[in-house]
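Written out below as structure tokens is the structure these notes cover.
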Amino acid sequence: MSIRRLPSELVNRIAAGEVVERPASALKELVENALDAGSGTIRIRLVAGGLELLEVADDGCGMPSDEMRLALERHATSKLQDDGLDRITSFGFRGEALPSIASVSRMTLDSRVRGSDGWRIVVDHGKQGGEGPTALPPGTCVRVERLFEKVPARRKFLRSSRAEYAACLDAVKRLAMARSDVSFALEHDGRRIFSLQPTAPPLRVAELLTAELDRNGIGIECERNGLGLTGVVSLPTFNRGMADQQYLFVNARPVKDRLLVGALRGAYRDLIPRDRHPIAALFLSVPLDEVDVNVHPAKTEVRFRDPSAVRGLIVGGLRAALDEASQRSATREQPAAPVLWTTSEDYQPSQSVERITEEPIATMASVVAEARALFEHAPAARAEPAVQDVPSYPLGVARGQVAATYIVAEAEDGLVIVDQHAAHERLVLERMRAAREGGTIACQPLLMPEVIELDEPDCDRIEAATAELAGLGLEVERFGTNAILVRATPAALGKTDVSGLLSDLASELAELGSAFSLQEKLNHVSATIACHGSVRAGRVLSVAEMNALLREMEATPRSGQCNHGRPTWVKLGHSEIEKLFGRR
Ligand SMILES: Nc1ncnc2c1ncn2[C@@H]1O[C@H](COP(=O)(O)OP(=O)(O)OP(=O)(O)O)[C@@H](O)[C@H]1O
Ligand SMILES: [Mg+2]
């Protein structure tokens, strides 16, 4: 076989394979070009999710006709005026989006520079389709039709026009958040979807993200070593089943970078269940020479010169804000789940955002059912007689225990119900964290060391973490190829299922990989250990024990929610009790 140089048409189609994966990626390129052209207003029209038509009209600088021809050639760009790639401030720089899209569609490119006449060039699947004068306001209008019609392999992978529309909408939202100073109008199948006026970044984000974030979001603003982070994230209790509402930007470029997504996850790690995801819009600013944007053909990933500094800023900044918010909410009347006690008429679940309130509400229903069962049959719950004056503890004085699982306490302003397992798990975690920070972790030697069998990679991971685990009070030692010997466990745990603990730790370590700092790993590992130590549901507690738990909760940061983001306690205010009995 002889080697041949490929014709440019084929080269463009090959590039299109990387750059134009679906209508939304073509749309993203066109809107980025409009932004790079300095536009103040961008109008987007889509038909059938972009499969039939994608049109982007802008009022930017426009192109003279000879430049339009050049723009349709591969590797022709106005955005790299010198030969460096290290100070890129435009969205585009590769000079391949237009020829790539034009090779897999019918493209009509209209453009006009202010003060001269408009010109049109048509390209039909990579071939010149004619050109001539045309009328349009100053700016550029690109129309893309019959996308992928001649690329059946690509067409097969496209989804319904609904799904393609959803992807287009997402792409436009990301760019509209990145540039709140520009007007955007979007129309789909003749329907106006939105029309956004220039505004400040937080207001633009608020327009495009769920309005609920007003009440359930935390503003972020922090800076460290020349790196800056601003934006908004959701409270841990306000989360979603999908990670689809996470908008991340690096120097105003929308990215889907794994490092950033991982850092966001890391910040919520023991505050939210593993299969739930926070909502976030985060804007990272990094000196231009510390980030490489030439990593991915679609420019959605970047590479940082100092990834751990970026990770540290995100995890540290978010963590501090989340901690502060959790203390604030724990001292309010209604902690982690603010809608818990409202009646069903008041509470309209938002369509766009799922909440995890089903769970606490179900828990409440079962509390009531269990309480009723107890009272109907043998009244076995222990109770303290009510006394006249209730000392003013925020979580009140223990009055009894229901189903050996819930503590019922009387506070000055209402009735408090505590999930003793969830609360205890949180306390163990916080105790371990405090002890670790103070360097005073105590361990409990086992009378007989236990041999735990695990596969070799799991053993390797545990072995590699031996020193870190010893710092947490867990003393382990490699024991042949497939086993670990456990000599001592953290004293905070009490008696525990050592084998379950070790296999959970191994998978935790596997997931964390090497991207996490030692400090973060210790936090995650402590959470796993704490969960194993907190098997207190079903244990009958004495009144003194219950009160001790309540007082410890009051004194412990983040005790308003368990390690999985569920509330550990709820309060029913006097007025709500009165409402329940129809007194108000
Ligand atoms: N809407 C527009 N208004 C004015 N000029 C444009 C517009 N779209 C494209 N151009 C010009 O055409 C050139 C080629 O565009 P194209 O998108 O193919 O490449 P690029 O934006 O330079 O780089 P990339 O391939 O990374 O997007 C641009 O450099 C720009 O000069
Ligand atoms: Mg471009």
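Residue names in the structure tokens use chain letters A, B, ... in the order shown, residue numbers from 1 in each chain, and ligand numbers from 1 in the order shown.
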
(request) Pick out each residue of region 133-289 of chain A that DSSP on the backbone tags as strand (DSSP E or B); I need them as a VMD selection string. (result) chain A and resid 133 to 134 139 to 145 183 to 188 191 to 196 217 to 224 227 to 234 240 246 to 250 253 to 255 277 280 to 285

(request) Collect all residues with atoms no farther than 12 Å from ligand 2, counting only C-alpha atoms and all ligand atoms, and output them as a PyMOL selection string. (result) chain A and resi 19-20+25-37+71-72+74-80+90-101+297-299

Write a file of the selected residues as a short mmCIF file (atom, residue, chain, number, x, y, z; two decimals), in the first residue's frame, keeping N, CA, C and O atoms.
data_model
loop_
_atom_site.label_atom_id
_atom_site.label_comp_id
_atom_site.auth_asym_id
_atom_site.auth_seq_id
_atom_site.Cartn_x
_atom_site.Cartn_y
_atom_site.Cartn_z
N VAL A 19 -14.50 17.31 16.57
CA VAL A 19 -15.02 18.60 17.02
C VAL A 19 -16.54 18.64 17.03
O VAL A 19 -17.16 19.25 17.90
N VAL A 20 -17.16 17.98 16.02
CA VAL A 20 -18.62 18.05 15.90
C VAL A 20 -19.23 16.69 16.18
O VAL A 20 -19.53 15.94 15.27
N SER A 25 -22.51 20.30 19.81
CA SER A 25 -21.10 20.70 19.74
C SER A 25 -20.88 21.68 18.59
O SER A 25 -20.05 22.60 18.70
N ALA A 26 -21.63 21.52 17.47
CA ALA A 26 -21.53 22.50 16.39
C ALA A 26 -22.04 23.85 16.89
O ALA A 26 -21.43 24.90 16.67
N LEU A 27 -23.16 23.82 17.62
CA LEU A 27 -23.74 25.06 18.13
C LEU A 27 -22.76 25.77 19.06
O LEU A 27 -22.57 26.99 18.99
N LYS A 28 -22.12 25.00 19.93
CA LYS A 28 -21.15 25.58 20.85
C LYS A 28 -20.06 26.31 20.06
O LYS A 28 -19.69 27.44 20.39
N GLU A 29 -19.54 25.70 19.00
CA GLU A 29 -18.49 26.34 18.21
C GLU A 29 -18.98 27.64 17.58
O GLU A 29 -18.26 28.65 17.57
N LEU A 30 -20.22 27.63 17.08
CA LEU A 30 -20.73 28.83 16.42
C LEU A 30 -20.93 29.97 17.41
O LEU A 30 -20.62 31.13 17.12
N VAL A 31 -21.47 29.63 18.59
CA VAL A 31 -21.69 30.69 19.59
C VAL A 31 -20.34 31.21 20.10
O VAL A 31 -20.16 32.42 20.30
N GLU A 32 -19.38 30.33 20.26
CA GLU A 32 -18.05 30.79 20.68
C GLU A 32 -17.45 31.74 19.64
O GLU A 32 -16.85 32.76 20.00
N ASN A 33 -17.63 31.43 18.36
CA ASN A 33 -17.13 32.33 17.32
C ASN A 33 -17.80 33.70 17.43
O ASN A 33 -17.15 34.73 17.28
N ALA A 34 -19.12 33.68 17.70
CA ALA A 34 -19.85 34.95 17.82
C ALA A 34 -19.31 35.76 19.00
O ALA A 34 -19.12 36.97 18.92
N LEU A 35 -19.02 35.07 20.10
CA LEU A 35 -18.48 35.77 21.28
C LEU A 35 -17.08 36.31 20.97
O LEU A 35 -16.76 37.45 21.29
N ASP A 36 -16.26 35.50 20.32
CA ASP A 36 -14.91 35.95 19.96
C ASP A 36 -14.95 37.16 19.03
O ASP A 36 -14.01 37.95 18.99
N ALA A 37 -16.05 37.30 18.27
CA ALA A 37 -16.16 38.42 17.33
C ALA A 37 -16.60 39.70 18.04
O ALA A 37 -16.87 40.71 17.39
N ALA A 71 -11.81 31.78 6.25
CA ALA A 71 -12.36 31.20 7.48
C ALA A 71 -12.83 29.77 7.26
O ALA A 71 -12.84 28.96 8.19
N LEU A 72 -13.21 29.48 6.00
CA LEU A 72 -13.72 28.13 5.70
C LEU A 72 -12.59 27.16 5.36
O LEU A 72 -12.83 26.00 5.10
N ARG A 74 -9.13 25.11 6.39
CA ARG A 74 -8.62 24.52 7.62
C ARG A 74 -7.36 25.26 8.09
O ARG A 74 -6.57 25.74 7.31
N HIS A 75 -7.22 25.34 9.41
CA HIS A 75 -6.07 25.98 10.05
C HIS A 75 -5.93 27.44 9.68
O HIS A 75 -4.82 27.96 9.57
N ALA A 76 -7.05 28.10 9.44
CA ALA A 76 -6.99 29.55 9.22
C ALA A 76 -7.73 30.20 10.39
O ALA A 76 -8.88 29.89 10.64
N THR A 77 -7.05 31.06 11.12
CA THR A 77 -7.66 31.70 12.28
C THR A 77 -7.15 33.12 12.43
O THR A 77 -6.02 33.43 12.04
N SER A 78 -8.00 33.98 12.99
CA SER A 78 -7.56 35.35 13.26
C SER A 78 -7.14 35.48 14.72
O SER A 78 -6.84 36.54 15.20
N LYS A 79 -7.17 34.35 15.45
CA LYS A 79 -7.07 34.45 16.91
C LYS A 79 -5.69 34.18 17.48
O LYS A 79 -5.47 34.33 18.67
N LEU A 80 -4.77 33.73 16.63
CA LEU A 80 -3.39 33.55 17.11
C LEU A 80 -2.51 34.49 16.30
O LEU A 80 -2.06 34.15 15.21
N SER A 90 -9.15 33.87 23.78
CA SER A 90 -10.36 33.66 22.97
C SER A 90 -10.85 32.23 23.18
O SER A 90 -10.11 31.37 23.65
N PHE A 91 -12.13 31.99 22.81
CA PHE A 91 -12.63 30.62 22.89
C PHE A 91 -11.94 29.76 21.84
O PHE A 91 -11.52 28.66 22.10
N GLY A 92 -11.86 30.29 20.60
CA GLY A 92 -11.27 29.50 19.51
C GLY A 92 -9.81 29.81 19.32
O GLY A 92 -9.32 30.86 19.76
N PHE A 93 -9.09 28.90 18.71
CA PHE A 93 -7.70 29.15 18.32
C PHE A 93 -7.21 28.09 17.34
O PHE A 93 -6.17 28.21 16.75
N ARG A 94 -8.00 27.04 17.12
CA ARG A 94 -7.52 25.93 16.30
C ARG A 94 -7.78 26.16 14.81
O ARG A 94 -7.19 25.47 13.98
N GLY A 95 -8.70 27.09 14.49
CA GLY A 95 -8.98 27.36 13.09
C GLY A 95 -9.54 26.17 12.35
O GLY A 95 -9.21 25.94 11.19
N GLU A 96 -10.41 25.42 12.99
CA GLU A 96 -10.95 24.26 12.29
C GLU A 96 -12.44 24.06 12.46
O GLU A 96 -13.02 23.19 11.81
N ALA A 97 -13.09 24.86 13.32
CA ALA A 97 -14.51 24.59 13.57
C ALA A 97 -15.35 24.79 12.30
O ALA A 97 -16.11 23.89 11.92
N LEU A 98 -15.22 25.93 11.65
CA LEU A 98 -16.07 26.18 10.48
C LEU A 98 -15.85 25.15 9.36
O LEU A 98 -16.81 24.55 8.90
N PRO A 99 -14.60 24.92 8.91
CA PRO A 99 -14.45 23.90 7.86
C PRO A 99 -14.92 22.52 8.29
O PRO A 99 -15.45 21.77 7.47
N SER A 100 -14.77 22.19 9.56
CA SER A 100 -15.22 20.86 10.01
C SER A 100 -16.73 20.76 9.91
O SER A 100 -17.26 19.79 9.37
N ILE A 101 -17.44 21.77 10.43
CA ILE A 101 -18.90 21.72 10.39
C ILE A 101 -19.37 21.72 8.93
O ILE A 101 -20.26 20.97 8.55
N PRO A 297 -9.77 18.54 21.57
CA PRO A 297 -10.23 19.21 20.35
C PRO A 297 -11.44 20.10 20.58
O PRO A 297 -11.59 21.14 19.95
N ALA A 298 -12.33 19.70 21.50
CA ALA A 298 -13.51 20.52 21.75
C ALA A 298 -13.25 21.56 22.85
O ALA A 298 -14.15 22.31 23.21
N LYS A 299 -12.02 21.60 23.35
CA LYS A 299 -11.60 22.59 24.35
C LYS A 299 -12.44 22.55 25.63
O LYS A 299 -12.67 23.58 26.25
#

Mind checking which residues fall within 12 Å of Thr89 (chain A), counting only C-alpha atoms, ignoring those fewer than 6 positions away in the same chain, and posting them as a PDB file with N, CA and C atoms, in the first residue's frame?
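The resulting file, selection_28.pdb, is shown below:
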ATOM      1  N   GLU A  32     -19.378  30.333  20.260  1.00  0.00           N
ATOM      2  CA  GLU A  32     -18.048  30.788  20.679  1.00  0.00           C
ATOM      3  C   GLU A  32     -17.452  31.742  19.644  1.00  0.00           C
ATOM      4  N   LEU A  35     -19.020  35.074  20.102  1.00  0.00           N
ATOM      5  CA  LEU A  35     -18.475  35.774  21.278  1.00  0.00           C
ATOM      6  C   LEU A  35     -17.080  36.308  20.974  1.00  0.00           C
ATOM      7  N   ASP A  36     -16.259  35.498  20.315  1.00  0.00           N
ATOM      8  CA  ASP A  36     -14.909  35.953  19.962  1.00  0.00           C
ATOM      9  C   ASP A  36     -14.954  37.163  19.029  1.00  0.00           C
ATOM     10  N   LYS A  79      -7.169  34.347  15.453  1.00  0.00           N
ATOM     11  CA  LYS A  79      -7.073  34.453  16.910  1.00  0.00           C
ATOM     12  C   LYS A  79      -5.687  34.176  17.479  1.00  0.00           C
ATOM     13  N   LEU A  80      -4.769  33.733  16.635  1.00  0.00           N
ATOM     14  CA  LEU A  80      -3.390  33.554  17.108  1.00  0.00           C
ATOM     15  C   LEU A  80      -2.513  34.493  16.299  1.00  0.00           C
ATOM     16  N   GLN A  81      -2.298  35.695  16.836  1.00  0.00           N
ATOM     17  CA  GLN A  81      -1.542  36.666  16.046  1.00  0.00           C
ATOM     18  C   GLN A  81      -0.036  36.439  16.168  1.00  0.00           C
ATOM     19  N   VAL A 250     -13.321  27.888  33.637  1.00  0.00           N
ATOM     20  CA  VAL A 250     -11.942  28.273  33.929  1.00  0.00           C
ATOM     21  C   VAL A 250     -11.638  29.498  33.075  1.00  0.00           C
ATOM     22  N   ASN A 251     -11.337  30.604  33.699  1.00  0.00           N
ATOM     23  CA  ASN A 251     -11.150  31.882  32.999  1.00  0.00           C
ATOM     24  C   ASN A 251     -12.281  32.120  31.995  1.00  0.00           C
ATOM     25  N   ALA A 252     -13.515  31.966  32.480  1.00  0.00           N
ATOM     26  CA  ALA A 252     -14.731  32.200  31.694  1.00  0.00           C
ATOM     27  C   ALA A 252     -14.922  31.226  30.531  1.00  0.00           C
ATOM     28  N   ARG A 253     -14.158  30.146  30.504  1.00  0.00           N
ATOM     29  CA  ARG A 253     -14.381  29.116  29.491  1.00  0.00           C
ATOM     30  C   ARG A 253     -15.128  27.955  30.141  1.00  0.00           C
ATOM     31  N   VAL A 286      -7.511  31.706  36.863  1.00  0.00           N
ATOM     32  CA  VAL A 286      -6.147  31.177  36.968  1.00  0.00           C
ATOM     33  C   VAL A 286      -5.271  32.044  36.060  1.00  0.00           C
ATOM     34  N   PRO A 287      -4.061  32.416  36.478  1.00  0.00           N
ATOM     35  CA  PRO A 287      -3.182  33.156  35.560  1.00  0.00           C
ATOM     36  C   PRO A 287      -3.041  32.384  34.243  1.00  0.00           C
ATOM     37  N   LEU A 288      -3.072  33.119  33.107  1.00  0.00           N
ATOM     38  CA  LEU A 288      -3.114  32.467  31.793  1.00  0.00           C
ATOM     39  C   LEU A 288      -1.991  31.460  31.576  1.00  0.00           C
ATOM     40  N   ASP A 289      -0.808  31.770  32.148  1.00  0.00           N
ATOM     41  CA  ASP A 289       0.299  30.851  31.865  1.00  0.00           C
ATOM     42  C   ASP A 289       0.315  29.650  32.800  1.00  0.00           C
ATOM     43  N   VAL A 291      -2.385  27.609  32.922  1.00  0.00           N
ATOM     44  CA  VAL A 291      -3.383  26.660  32.448  1.00  0.00           C
ATOM     45  C   VAL A 291      -3.213  26.468  30.944  1.00  0.00           C
ATOM     46  N   ASP A 292      -3.287  25.207  30.508  1.00  0.00           N
ATOM     47  CA  ASP A 292      -3.143  24.882  29.099  1.00  0.00           C
ATOM     48  C   ASP A 292      -4.520  24.514  28.565  1.00  0.00           C
ATOM     49  N   VAL A 293      -5.016  25.298  27.582  1.00  0.00           N
ATOM     50  CA  VAL A 293      -6.360  25.004  27.063  1.00  0.00           C
ATOM     51  C   VAL A 293      -6.284  24.133  25.809  1.00  0.00           C
ATOM     52  N   ASN A 294      -5.076  23.872  25.334  1.00  0.00           N
ATOM     53  CA  ASN A 294      -4.921  23.087  24.105  1.00  0.00           C
ATOM     54  C   ASN A 294      -4.734  21.610  24.440  1.00  0.00           C
TER      55      ASN A 294
END

(request) Using only C-alpha atoms, determine which residues lie at most 9 Å from Gly317 (chain A), disregarding the query and same-chain residues fewer than 2 positions distant; provide the list as JSON, numbers by chain. (result) {"A": [220, 221, 222, 223, 229, 267, 312, 313, 314, 315, 319, 320, 321, 322]}

With C-alpha atoms retained, export the selected residues as a short mmCIF file (atom, residue, chain, number, x, y, z; two decimals), in the first residue's frame.
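That gives us selection-v1.cif:
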data_model
loop_
_atom_site.label_atom_id
_atom_site.label_comp_id
_atom_site.auth_asym_id
_atom_site.auth_seq_id
_atom_site.Cartn_x
_atom_site.Cartn_y
_atom_site.Cartn_z
CA ILE A 220 -18.66 31.28 47.16
CA GLU A 221 -15.86 33.78 46.99
CA CYS A 222 -12.29 32.87 47.84
CA GLU A 223 -8.76 33.39 46.71
CA LEU A 229 -13.02 31.07 42.91
CA ALA A 267 -15.94 18.99 48.98
CA GLY A 312 -7.08 22.57 47.30
CA LEU A 313 -8.72 25.91 46.59
CA ILE A 314 -11.99 24.30 45.49
CA VAL A 315 -12.22 21.69 48.23
CA ARG A 319 -15.74 23.10 52.58
CA ALA A 320 -15.35 26.28 54.63
CA ALA A 321 -18.53 27.75 53.16
CA LEU A 322 -20.49 24.52 53.68
#

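Minimum atom-to-atom distance to ligand 1, evaluated using only C-alpha atoms and all ligand atoms, belongs to A:His296 out of A:Arg240, A:His296, A:Arg265, A:Arg106.
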
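Of the listed residues (A:Ala434, A:Val232, A:Val295, A:Ile462), A:Val232 comes nearest to Ala206 (chain A); the distances count only C-alpha atoms.
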
(message) Can you measure CA of Gly241 (chain A) to CA of Lys256 (chain A) for me? One decimal in Å is fine.
(response) 18.1 Å

(message) Restricting the calculation to only C-alpha atoms: of A:Gly84, A:Gly132, A:Pro236, A:Gly438, which residue gets closest to Pro567 (chain A)?
(response)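 Closest to Pro567 (chain A), using only C-alpha atoms: A:Pro236.
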
(message) Taking the DSSP secondary structure from the backbone, can you list the residues of region 16-125 of chain A that are helix (DSSP H, G or I), as JSON, numbers by chain?
(response) {"A": [16, 17, 18, 19, 23, 24, 25, 26, 27, 28, 29, 30, 31, 32, 33, 34, 35, 36, 48, 49, 50, 65, 66, 67, 68, 69, 70, 71, 97, 98, 99, 100, 101, 102, 103]}

(message) When you count only C-alpha atoms, which of these residues is closest to Arg311 (chain A): A:Leu227, A:Ser392, A:Ile44, A:Ile272?
(response)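 Result for the nearest residue to Arg311 (chain A): A:Leu227.
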
(request) Would you please work out which residue, of A:Gly130, A:Gly62, A:Pro198, A:Pro273, is nearest to ligand 1 when using only C-alpha atoms and all ligand atoms? (result)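 Using only C-alpha atoms and all ligand atoms, the shortest distance to ligand 1 belongs to A:Gly62.
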
(message) Quick one: residues within 12 Å of Ala464 (chain A), only C-alpha atoms, excluding same-chain residues fewer than 4 positions away - as a list in words?
(response)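 Contacts, with the query itself left out: Pro457, Asp458, Cys459, Asp460, Glu468, Leu469, Ala470, Val476, Glu477, Arg478, Ile484, Ala506, Leu509, Ala510, Gly513 and Ser514 of chain A.
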
(request) Go through A:Cys562, A:Leu46, A:Gln197, A:Val182 and flag the residue nearest Gly60 (chain A), using only C-alpha atoms for the distances. (result)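 Smallest separation from Gly60 (chain A) among the options: A:Val182.
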
(request) Tell me which protein, DNA and RNA residues are within 7 Å of region 158-173 of chain A, counting only C-alpha atoms, leaving out same-chain ones fewer than 4 positions away, and put them as a ChimeraX atom specification. (result) /A:22-24,27-28,48-51,154,177,208

(request) Might you pull out every residue within 10 Å of Asp117 (chain A), with only C-alpha atoms counted and same-chain residues fewer than 2 positions away left off, and present them as a PyMOL selection string? (result) chain A and resi 64-65+111-115+119+133-138
